[in-house]
Amino acid sequence: PDTNKQKSTMTNHFLLLLILSLFVHCQSFLHSFQTTPPTCSFKYPKQCMPGLSNQQKNIFSSFGNGDASDLKAEEEEVLMRVSLSVCNTCSVDDTVQLIQNYLQSFPFSAVLPVQPLSYLPKEDGMGVSVSFLRKKTQEKSSYDGGIDFTIQLDDTDEDKGSRVDIVARRNSQGQYISKMFSEKMIVKAFVNGLNYGENNQNGSRVGLGYDELLETCSVESIFHKWM
């Protein structure tokens, strides 16, 4: 009887150790899920997208509900780049001012009459920030992304003082959904305006000083996302 009692006690101890071992393994297994790197929010931060190209990261980053203020402007996708060649007898400073006046007076609202938007000159006087607007709620601000038009001077030795670029980059700050259609309409209207002037047939628009601008510089090259 004592032998049977000892065997029963040993069996109970073994079962208790087995249960404890299974409990520890289960805790460790569950803990591994909790300690994995945090998943990305719907904003798709770029550091959470290994293996993707910069262009793919930019496309994913344009969707989502996060605040994109942590993204540097140069990391946003380039939607358009227009290179203007300044005439030999013309001043670059004067040309930049003409371009700035043209940008500030460009009728962005007329291109998208249904889409509420605002546009303001940049603080440095080298471009315009176009902002898409929406109804403000407790969860969302009134800003729904936009497009930044920037005037850039070519600093290369070969073209220094003879070329000025107008670069349009996506501003994804505050965007919950993509604004690609609005971006496309604005960029194409801007490009068509430089190419054809104001023409209702192709939907092009122009800003103030269009003729004077083209007397000072000529369009050297044009790139945009929807070519």
# chains A, B, ... in the order shown; residues from 1 in each chain; ligands from 1

call {"tool": "residues_around", "arguments": {"residues": "A:Ser129", "least_positions_apart": "5", "cutoff": "8 Å", "atoms": "only C-alpha atoms", "output": "list in words"}}
result
Tyr119, Leu120, Pro121, Lys122, Gly146, Ile147, Asp148 and Phe149 of chain A

call {"tool": "residues_around", "arguments": {"residues": "A:Val219", "least_positions_apart": "5", "cutoff": "10 Å", "atoms": "only C-alpha atoms", "output": "PDB file with all heavy atoms, in the first residue's frame"}}
result
ATOM      1  N   VAL A  82       8.446  71.573 -63.894  1.00  0.00           N
ATOM      2  CA  VAL A  82       8.539  72.375 -65.116  1.00  0.00           C
ATOM      3  C   VAL A  82       9.849  73.143 -65.067  1.00  0.00           C
ATOM      4  O   VAL A  82      10.110  73.879 -64.103  1.00  0.00           O
ATOM      5  CB  VAL A  82       7.358  73.351 -65.254  1.00  0.00           C
ATOM      6  CG1 VAL A  82       7.535  74.229 -66.486  1.00  0.00           C
ATOM      7  CG2 VAL A  82       6.036  72.591 -65.321  1.00  0.00           C
ATOM      8  N   SER A  83      10.688  72.976 -66.087  1.00  0.00           N
ATOM      9  CA  SER A  83      11.961  73.695 -66.162  1.00  0.00           C
ATOM     10  C   SER A  83      11.820  74.848 -67.150  1.00  0.00           C
ATOM     11  O   SER A  83      11.437  74.644 -68.302  1.00  0.00           O
ATOM     12  CB  SER A  83      13.080  72.756 -66.607  1.00  0.00           C
ATOM     13  OG  SER A  83      13.334  71.771 -65.621  1.00  0.00           O
ATOM     14  N   LEU A  84      12.135  76.044 -66.671  1.00  0.00           N
ATOM     15  CA  LEU A  84      12.048  77.252 -67.493  1.00  0.00           C
ATOM     16  C   LEU A  84      13.452  77.782 -67.761  1.00  0.00           C
ATOM     17  O   LEU A  84      14.269  77.899 -66.841  1.00  0.00           O
ATOM     18  CB  LEU A  84      11.214  78.323 -66.783  1.00  0.00           C
ATOM     19  CG  LEU A  84       9.783  77.939 -66.415  1.00  0.00           C
ATOM     20  CD1 LEU A  84       9.123  79.047 -65.607  1.00  0.00           C
ATOM     21  CD2 LEU A  84       8.964  77.634 -67.668  1.00  0.00           C
ATOM     22  N   SER A  85      13.728  78.083 -69.005  1.00  0.00           N
ATOM     23  CA  SER A  85      15.023  78.636 -69.402  1.00  0.00           C
ATOM     24  C   SER A  85      14.918  80.157 -69.470  1.00  0.00           C
ATOM     25  O   SER A  85      14.105  80.707 -70.220  1.00  0.00           O
ATOM     26  CB  SER A  85      15.441  78.069 -70.766  1.00  0.00           C
ATOM     27  OG  SER A  85      16.681  78.613 -71.171  1.00  0.00           O
ATOM     28  N   VAL A  86      15.728  80.840 -68.657  1.00  0.00           N
ATOM     29  CA  VAL A  86      15.695  82.299 -68.587  1.00  0.00           C
ATOM     30  C   VAL A  86      16.513  82.877 -69.743  1.00  0.00           C
ATOM     31  O   VAL A  86      17.618  82.408 -70.043  1.00  0.00           O
ATOM     32  CB  VAL A  86      16.259  82.787 -67.241  1.00  0.00           C
ATOM     33  CG1 VAL A  86      16.178  84.318 -67.139  1.00  0.00           C
ATOM     34  CG2 VAL A  86      15.519  82.131 -66.082  1.00  0.00           C
ATOM     35  N   ARG A 163      18.331  78.819 -65.419  1.00  0.00           N
ATOM     36  CA  ARG A 163      17.180  77.921 -65.378  1.00  0.00           C
ATOM     37  C   ARG A 163      16.481  78.006 -64.032  1.00  0.00           C
ATOM     38  O   ARG A 163      17.128  78.071 -62.979  1.00  0.00           O
ATOM     39  CB  ARG A 163      17.603  76.477 -65.644  1.00  0.00           C
ATOM     40  CG  ARG A 163      16.438  75.591 -66.096  1.00  0.00           C
ATOM     41  CD  ARG A 163      16.896  74.187 -66.393  1.00  0.00           C
ATOM     42  NE  ARG A 163      17.001  73.391 -65.164  1.00  0.00           N
ATOM     43  CZ  ARG A 163      17.421  72.136 -65.144  1.00  0.00           C
ATOM     44  NH1 ARG A 163      17.823  71.553 -66.259  1.00  0.00           N
ATOM     45  NH2 ARG A 163      17.478  71.474 -64.018  1.00  0.00           N
ATOM     46  N   VAL A 164      15.151  77.993 -64.093  1.00  0.00           N
ATOM     47  CA  VAL A 164      14.323  78.010 -62.894  1.00  0.00           C
ATOM     48  C   VAL A 164      13.297  76.888 -63.020  1.00  0.00           C
ATOM     49  O   VAL A 164      12.700  76.716 -64.086  1.00  0.00           O
ATOM     50  CB  VAL A 164      13.601  79.365 -62.719  1.00  0.00           C
ATOM     51  CG1 VAL A 164      12.757  79.362 -61.448  1.00  0.00           C
ATOM     52  CG2 VAL A 164      14.610  80.509 -62.687  1.00  0.00           C
ATOM     53  N   ASP A 165      13.118  76.131 -61.953  1.00  0.00           N
ATOM     54  CA  ASP A 165      12.161  75.024 -61.954  1.00  0.00           C
ATOM     55  C   ASP A 165      10.953  75.366 -61.093  1.00  0.00           C
ATOM     56  O   ASP A 165      11.072  76.015 -60.045  1.00  0.00           O
ATOM     57  CB  ASP A 165      12.801  73.744 -61.404  1.00  0.00           C
ATOM     58  CG  ASP A 165      13.858  73.179 -62.341  1.00  0.00           C
ATOM     59  OD1 ASP A 165      13.905  73.620 -63.503  1.00  0.00           O
ATOM     60  OD2 ASP A 165      14.636  72.300 -61.908  1.00  0.00           O
ATOM     61  N   LEU A 194       0.604  76.680 -69.361  1.00  0.00           N
ATOM     62  CA  LEU A 194       1.927  77.105 -69.821  1.00  0.00           C
ATOM     63  C   LEU A 194       2.140  76.755 -71.295  1.00  0.00           C
ATOM     64  O   LEU A 194       2.794  77.496 -72.033  1.00  0.00           O
ATOM     65  CB  LEU A 194       3.020  76.440 -68.973  1.00  0.00           C
ATOM     66  CG  LEU A 194       3.173  76.964 -67.535  1.00  0.00           C
ATOM     67  CD1 LEU A 194       4.226  76.146 -66.791  1.00  0.00           C
ATOM     68  CD2 LEU A 194       3.564  78.437 -67.532  1.00  0.00           C
ATOM     69  N   ASN A 195       1.585  75.636 -71.728  1.00  0.00           N
ATOM     70  CA  ASN A 195       1.777  75.187 -73.110  1.00  0.00           C
ATOM     71  C   ASN A 195       0.890  75.924 -74.110  1.00  0.00           C
ATOM     72  O   ASN A 195       1.329  76.286 -75.202  1.00  0.00           O
ATOM     73  CB  ASN A 195       1.512  73.681 -73.220  1.00  0.00           C
ATOM     74  CG  ASN A 195       2.713  72.856 -72.808  1.00  0.00           C
ATOM     75  OD1 ASN A 195       3.857  73.292 -72.926  1.00  0.00           O
ATOM     76  ND2 ASN A 195       2.461  71.654 -72.312  1.00  0.00           N
ATOM     77  N   LEU A 214       6.361  84.525 -70.507  1.00  0.00           N
ATOM     78  CA  LEU A 214       6.913  83.793 -71.641  1.00  0.00           C
ATOM     79  C   LEU A 214       7.873  84.635 -72.473  1.00  0.00           C
ATOM     80  O   LEU A 214       8.649  84.094 -73.259  1.00  0.00           O
ATOM     81  CB  LEU A 214       5.784  83.267 -72.529  1.00  0.00           C
ATOM     82  CG  LEU A 214       4.924  82.152 -71.911  1.00  0.00           C
ATOM     83  CD1 LEU A 214       4.006  81.542 -72.957  1.00  0.00           C
ATOM     84  CD2 LEU A 214       5.783  81.045 -71.287  1.00  0.00           C
TER      85      LEU A 214
END

call {"tool": "closest_residue", "arguments": {"among": "A:Asp154, A:Leu208, A:Lys136, A:Ile186", "to": "A:Gly174", "atoms": "only C-alpha atoms"}}
result
A:Lys136

call {"tool": "atom_distance", "arguments": {"atom1": "atom CA of A:Leu103", "atom2": "atom CA of A:Val191"}}
result
12.0 Å

call {"tool": "closest_residue", "arguments": {"among": "A:Ser131, A:Thr150, A:Ser204, A:Gln138", "to": "A:Ser118", "atoms": "only C-alpha atoms"}}
result
A:Ser131

call {"tool": "closest_residue", "arguments": {"among": "A:Gln152, A:Glu139, A:Asn12, A:Asp144", "to": "A:Asn171", "atoms": "only C-alpha atoms"}}
result
A:Asp144

call {"tool": "atom_distance", "arguments": {"atom1": "atom CA of A:Tyr102", "atom2": "atom CA of A:Phe132"}}
result
20.0 Å

call {"tool": "residues_around", "arguments": {"residues": "A:Met227", "least_positions_apart": "5", "cutoff": "10 Å", "atoms": "only C-alpha atoms", "output": "MDAnalysis selection string"}}
result
chainID A and resid 80 188 222

call {"tool": "write_last_selection", "arguments": {"atoms": "all heavy atoms", "output": "compact mmCIF listing (two decimals), in the first residue's frame"}}
result
# COMPACT_ATOMS: atom_id res chain seq x y z
N MET A 80 4.84 67.14 -60.36
CA MET A 80 5.13 67.91 -61.57
C MET A 80 6.47 68.64 -61.41
O MET A 80 6.84 69.05 -60.31
CB MET A 80 4.02 68.94 -61.81
CG MET A 80 4.20 69.82 -63.04
SD MET A 80 3.27 71.39 -62.88
CE MET A 80 4.32 72.30 -61.75
N LYS A 188 -2.59 69.13 -64.49
CA LYS A 188 -2.78 69.17 -65.94
C LYS A 188 -3.25 70.54 -66.41
O LYS A 188 -2.84 71.02 -67.48
CB LYS A 188 -3.76 68.07 -66.36
CG LYS A 188 -3.24 66.65 -66.15
CD LYS A 188 -4.12 65.60 -66.80
CE LYS A 188 -3.98 65.60 -68.30
NZ LYS A 188 -4.68 64.48 -68.94
N ILE A 222 9.00 69.58 -69.39
CA ILE A 222 7.85 69.39 -68.50
C ILE A 222 7.76 67.91 -68.14
O ILE A 222 7.82 67.04 -69.01
CB ILE A 222 6.53 69.85 -69.14
CG1 ILE A 222 6.51 71.37 -69.30
CG2 ILE A 222 5.33 69.39 -68.30
CD1 ILE A 222 5.24 71.89 -69.96

call {"tool": "select_by_dssp", "arguments": {"residues": "stretch 77-146 of chain A", "states": "helix (DSSP H, G or I)", "output": "ChimeraX atom specification"}}
result
/A:92-105,108-111

call {"tool": "write_last_selection", "arguments": {"atoms": "all heavy atoms", "output": "compact mmCIF listing (two decimals), in the first residue's frame"}}
result
# COMPACT_ATOMS: atom_id res chain seq x y z
N VAL A 92 17.37 86.89 -63.34
CA VAL A 92 16.76 85.74 -62.68
C VAL A 92 15.81 86.19 -61.57
O VAL A 92 14.72 85.64 -61.40
CB VAL A 92 17.85 84.79 -62.12
CG1 VAL A 92 17.21 83.67 -61.32
CG2 VAL A 92 18.68 84.22 -63.25
N ASP A 93 16.22 87.20 -60.82
CA ASP A 93 15.36 87.70 -59.73
C ASP A 93 14.03 88.21 -60.27
O ASP A 93 12.96 87.95 -59.70
CB ASP A 93 16.08 88.82 -58.97
CG ASP A 93 17.29 88.31 -58.20
OD1 ASP A 93 17.32 87.10 -57.90
OD2 ASP A 93 18.19 89.10 -57.90
N ASP A 94 14.09 88.94 -61.37
CA ASP A 94 12.85 89.43 -61.98
C ASP A 94 11.99 88.28 -62.48
O ASP A 94 10.76 88.31 -62.37
CB ASP A 94 13.17 90.39 -63.14
CG ASP A 94 13.79 91.69 -62.66
OD1 ASP A 94 13.68 91.99 -61.46
OD2 ASP A 94 14.43 92.39 -63.49
N THR A 95 12.64 87.26 -63.03
CA THR A 95 11.90 86.10 -63.54
C THR A 95 11.22 85.35 -62.40
O THR A 95 10.07 84.93 -62.53
CB THR A 95 12.86 85.15 -64.30
OG1 THR A 95 13.49 85.86 -65.37
CG2 THR A 95 12.10 83.95 -64.85
N VAL A 96 11.94 85.20 -61.29
CA VAL A 96 11.36 84.52 -60.13
C VAL A 96 10.13 85.28 -59.63
O VAL A 96 9.11 84.68 -59.28
CB VAL A 96 12.40 84.39 -59.00
CG1 VAL A 96 11.73 83.95 -57.69
CG2 VAL A 96 13.48 83.39 -59.39
N GLN A 97 10.20 86.60 -59.62
CA GLN A 97 9.06 87.40 -59.18
C GLN A 97 7.88 87.24 -60.13
O GLN A 97 6.72 87.17 -59.69
CB GLN A 97 9.46 88.87 -59.08
CG GLN A 97 8.40 89.75 -58.43
CD GLN A 97 8.04 89.28 -57.04
OE1 GLN A 97 8.90 89.09 -56.19
NE2 GLN A 97 6.74 89.08 -56.80
N LEU A 98 8.15 87.18 -61.43
CA LEU A 98 7.08 86.94 -62.40
C LEU A 98 6.42 85.58 -62.18
O LEU A 98 5.19 85.45 -62.26
CB LEU A 98 7.64 87.03 -63.83
CG LEU A 98 7.98 88.43 -64.36
CD1 LEU A 98 8.70 88.32 -65.70
CD2 LEU A 98 6.72 89.28 -64.48
N ILE A 99 7.26 84.58 -61.92
CA ILE A 99 6.71 83.23 -61.67
C ILE A 99 5.88 83.23 -60.40
O ILE A 99 4.80 82.62 -60.35
CB ILE A 99 7.87 82.20 -61.56
CG1 ILE A 99 8.63 82.11 -62.89
CG2 ILE A 99 7.32 80.83 -61.17
CD1 ILE A 99 9.87 81.25 -62.81
N GLN A 100 6.36 83.90 -59.37
CA GLN A 100 5.62 83.97 -58.12
C GLN A 100 4.27 84.65 -58.31
O GLN A 100 3.24 84.18 -57.82
CB GLN A 100 6.44 84.71 -57.06
CG GLN A 100 5.77 84.83 -55.70
CD GLN A 100 5.57 83.49 -55.00
OE1 GLN A 100 6.22 82.51 -55.35
NE2 GLN A 100 4.68 83.46 -54.04
N ASN A 101 4.26 85.74 -59.04
CA ASN A 101 2.99 86.43 -59.33
C ASN A 101 2.04 85.54 -60.13
O ASN A 101 0.83 85.54 -59.90
CB ASN A 101 3.26 87.73 -60.09
CG ASN A 101 4.00 88.76 -59.26
OD1 ASN A 101 4.00 88.70 -58.02
ND2 ASN A 101 4.64 89.71 -59.92
N TYR A 102 2.62 84.79 -61.06
CA TYR A 102 1.81 83.88 -61.88
C TYR A 102 1.18 82.79 -61.00
O TYR A 102 -0.01 82.48 -61.13
CB TYR A 102 2.71 83.25 -62.95
CG TYR A 102 1.98 82.34 -63.92
CD1 TYR A 102 1.38 82.85 -65.06
CD2 TYR A 102 1.92 80.97 -63.70
CE1 TYR A 102 0.72 82.02 -65.95
CE2 TYR A 102 1.27 80.13 -64.58
CZ TYR A 102 0.66 80.65 -65.70
OH TYR A 102 0.01 79.81 -66.58
N LEU A 103 1.98 82.22 -60.09
CA LEU A 103 1.48 81.17 -59.20
C LEU A 103 0.40 81.71 -58.26
O LEU A 103 -0.64 81.07 -58.06
CB LEU A 103 2.63 80.57 -58.39
CG LEU A 103 3.59 79.63 -59.12
CD1 LEU A 103 4.79 79.31 -58.24
CD2 LEU A 103 2.88 78.34 -59.53
N GLN A 104 0.65 82.86 -57.68
CA GLN A 104 -0.29 83.43 -56.72
C GLN A 104 -1.64 83.78 -57.35
O GLN A 104 -2.68 83.73 -56.70
CB GLN A 104 0.31 84.68 -56.08
CG GLN A 104 1.43 84.40 -55.11
CD GLN A 104 1.98 85.67 -54.48
OE1 GLN A 104 3.08 85.70 -53.99
NE2 GLN A 104 1.20 86.75 -54.49
N SER A 105 -1.62 84.12 -58.64
CA SER A 105 -2.85 84.52 -59.32
C SER A 105 -3.48 83.40 -60.13
O SER A 105 -4.53 83.60 -60.75
CB SER A 105 -2.57 85.71 -60.24
OG SER A 105 -1.60 85.36 -61.23
N PHE A 108 -6.68 78.32 -59.23
CA PHE A 108 -6.81 76.92 -58.82
C PHE A 108 -8.26 76.56 -58.50
O PHE A 108 -8.72 75.45 -58.81
CB PHE A 108 -5.94 76.66 -57.58
CG PHE A 108 -4.46 76.79 -57.82
CD1 PHE A 108 -3.78 77.90 -57.38
CD2 PHE A 108 -3.76 75.81 -58.49
CE1 PHE A 108 -2.41 78.04 -57.60
CE2 PHE A 108 -2.40 75.93 -58.71
CZ PHE A 108 -1.73 77.05 -58.26
N SER A 109 -8.99 77.48 -57.89
CA SER A 109 -10.39 77.20 -57.53
C SER A 109 -11.26 76.96 -58.75
O SER A 109 -12.20 76.17 -58.70
CB SER A 109 -10.96 78.38 -56.72
OG SER A 109 -10.24 78.56 -55.53
N ALA A 110 -10.94 77.64 -59.86
CA ALA A 110 -11.74 77.46 -61.08
C ALA A 110 -11.54 76.09 -61.70
O ALA A 110 -12.41 75.57 -62.40
CB ALA A 110 -11.38 78.55 -62.10
N VAL A 111 -10.38 75.48 -61.43
CA VAL A 111 -10.11 74.15 -61.97
C VAL A 111 -10.97 73.11 -61.27
O VAL A 111 -11.47 72.17 -61.89
CB VAL A 111 -8.62 73.79 -61.79
CG1 VAL A 111 -8.33 72.38 -62.30
CG2 VAL A 111 -7.74 74.80 -62.53

call {"tool": "select_by_dssp", "arguments": {"residues": "stretch 83-206 of chain A", "states": "strand (DSSP E)", "output": "NGL selection string"}}
result
:A and (83-86 or 117-121 or 127-133 or 143-153 or 163-171)

call {"tool": "decode", "arguments": {"residues": "stretch 136-151 of chain A", "atoms": "N, CA, C and O atoms", "output": "mmCIF file, in the first residue's frame"}}
result
data_model
loop_
_atom_site.group_PDB
_atom_site.id
_atom_site.type_symbol
_atom_site.label_atom_id
_atom_site.label_comp_id
_atom_site.auth_asym_id
_atom_site.auth_seq_id
_atom_site.Cartn_x
_atom_site.Cartn_y
_atom_site.Cartn_z
ATOM 1 N N LYS A 136 -14.802 70.580 -40.897
ATOM 2 C CA LYS A 136 -14.061 70.210 -39.695
ATOM 3 C C LYS A 136 -14.952 69.435 -38.729
ATOM 4 O O LYS A 136 -16.118 69.765 -38.526
ATOM 5 N N THR A 137 -14.398 68.366 -38.156
ATOM 6 C CA THR A 137 -15.101 67.571 -37.154
ATOM 7 C C THR A 137 -14.203 67.402 -35.933
ATOM 8 O O THR A 137 -13.066 67.888 -35.907
ATOM 9 N N GLN A 138 -14.691 66.705 -34.919
ATOM 10 C CA GLN A 138 -13.881 66.446 -33.725
ATOM 11 C C GLN A 138 -12.694 65.558 -34.046
ATOM 12 O O GLN A 138 -11.633 65.674 -33.441
ATOM 13 N N GLU A 139 -12.862 64.672 -35.033
ATOM 14 C CA GLU A 139 -11.791 63.743 -35.381
ATOM 15 C C GLU A 139 -10.865 64.286 -36.465
ATOM 16 O O GLU A 139 -9.699 63.915 -36.529
ATOM 17 N N LYS A 140 -11.380 65.146 -37.319
ATOM 18 C CA LYS A 140 -10.607 65.602 -38.474
ATOM 19 C C LYS A 140 -10.491 67.126 -38.477
ATOM 20 O O LYS A 140 -11.425 67.827 -38.098
ATOM 21 N N SER A 141 -9.342 67.601 -38.937
ATOM 22 C CA SER A 141 -9.169 69.036 -39.116
ATOM 23 C C SER A 141 -9.838 69.462 -40.421
ATOM 24 O O SER A 141 -10.372 68.651 -41.167
ATOM 25 N N SER A 142 -9.787 70.745 -40.707
ATOM 26 C CA SER A 142 -10.408 71.244 -41.940
ATOM 27 C C SER A 142 -9.492 71.090 -43.147
ATOM 28 O O SER A 142 -9.908 71.375 -44.271
ATOM 29 N N TYR A 143 -8.240 70.648 -42.921
ATOM 30 C CA TYR A 143 -7.287 70.487 -44.019
ATOM 31 C C TYR A 143 -7.229 69.032 -44.468
ATOM 32 O O TYR A 143 -7.127 68.114 -43.650
ATOM 33 N N ASP A 144 -7.277 68.844 -45.783
ATOM 34 C CA ASP A 144 -7.300 67.499 -46.363
ATOM 35 C C ASP A 144 -6.169 67.334 -47.367
ATOM 36 O O ASP A 144 -6.380 66.899 -48.499
ATOM 37 N N GLY A 145 -4.956 67.708 -46.944
ATOM 38 C CA GLY A 145 -3.805 67.598 -47.834
ATOM 39 C C GLY A 145 -3.782 68.734 -48.834
ATOM 40 O O GLY A 145 -4.471 69.743 -48.698
ATOM 41 N N GLY A 146 -2.978 68.575 -49.875
ATOM 42 C CA GLY A 146 -2.886 69.609 -50.894
ATOM 43 C C GLY A 146 -1.683 69.418 -51.788
ATOM 44 O O GLY A 146 -1.131 68.317 -51.889
ATOM 45 N N ILE A 147 -1.261 70.492 -52.431
ATOM 46 C CA ILE A 147 -0.108 70.475 -53.329
ATOM 47 C C ILE A 147 0.756 71.693 -53.013
ATOM 48 O O ILE A 147 0.246 72.812 -52.891
ATOM 49 N N ASP A 148 2.045 71.478 -52.887
ATOM 50 C CA ASP A 148 2.995 72.569 -52.680
ATOM 51 C C ASP A 148 3.715 72.875 -53.991
ATOM 52 O O ASP A 148 4.442 72.025 -54.514
ATOM 53 N N PHE A 149 3.520 74.063 -54.514
ATOM 54 C CA PHE A 149 4.239 74.535 -55.697
ATOM 55 C C PHE A 149 5.438 75.351 -55.224
ATOM 56 O O PHE A 149 5.277 76.357 -54.528
ATOM 57 N N THR A 150 6.643 74.915 -55.596
ATOM 58 C CA THR A 150 7.870 75.554 -55.133
ATOM 59 C C THR A 150 8.714 76.011 -56.316
ATOM 60 O O THR A 150 8.848 75.286 -57.306
ATOM 61 N N ILE A 151 9.268 77.212 -56.198
ATOM 62 C CA ILE A 151 10.195 77.734 -57.211
ATOM 63 C C ILE A 151 11.616 77.369 -56.775
ATOM 64 O O ILE A 151 12.027 77.692 -55.665
#
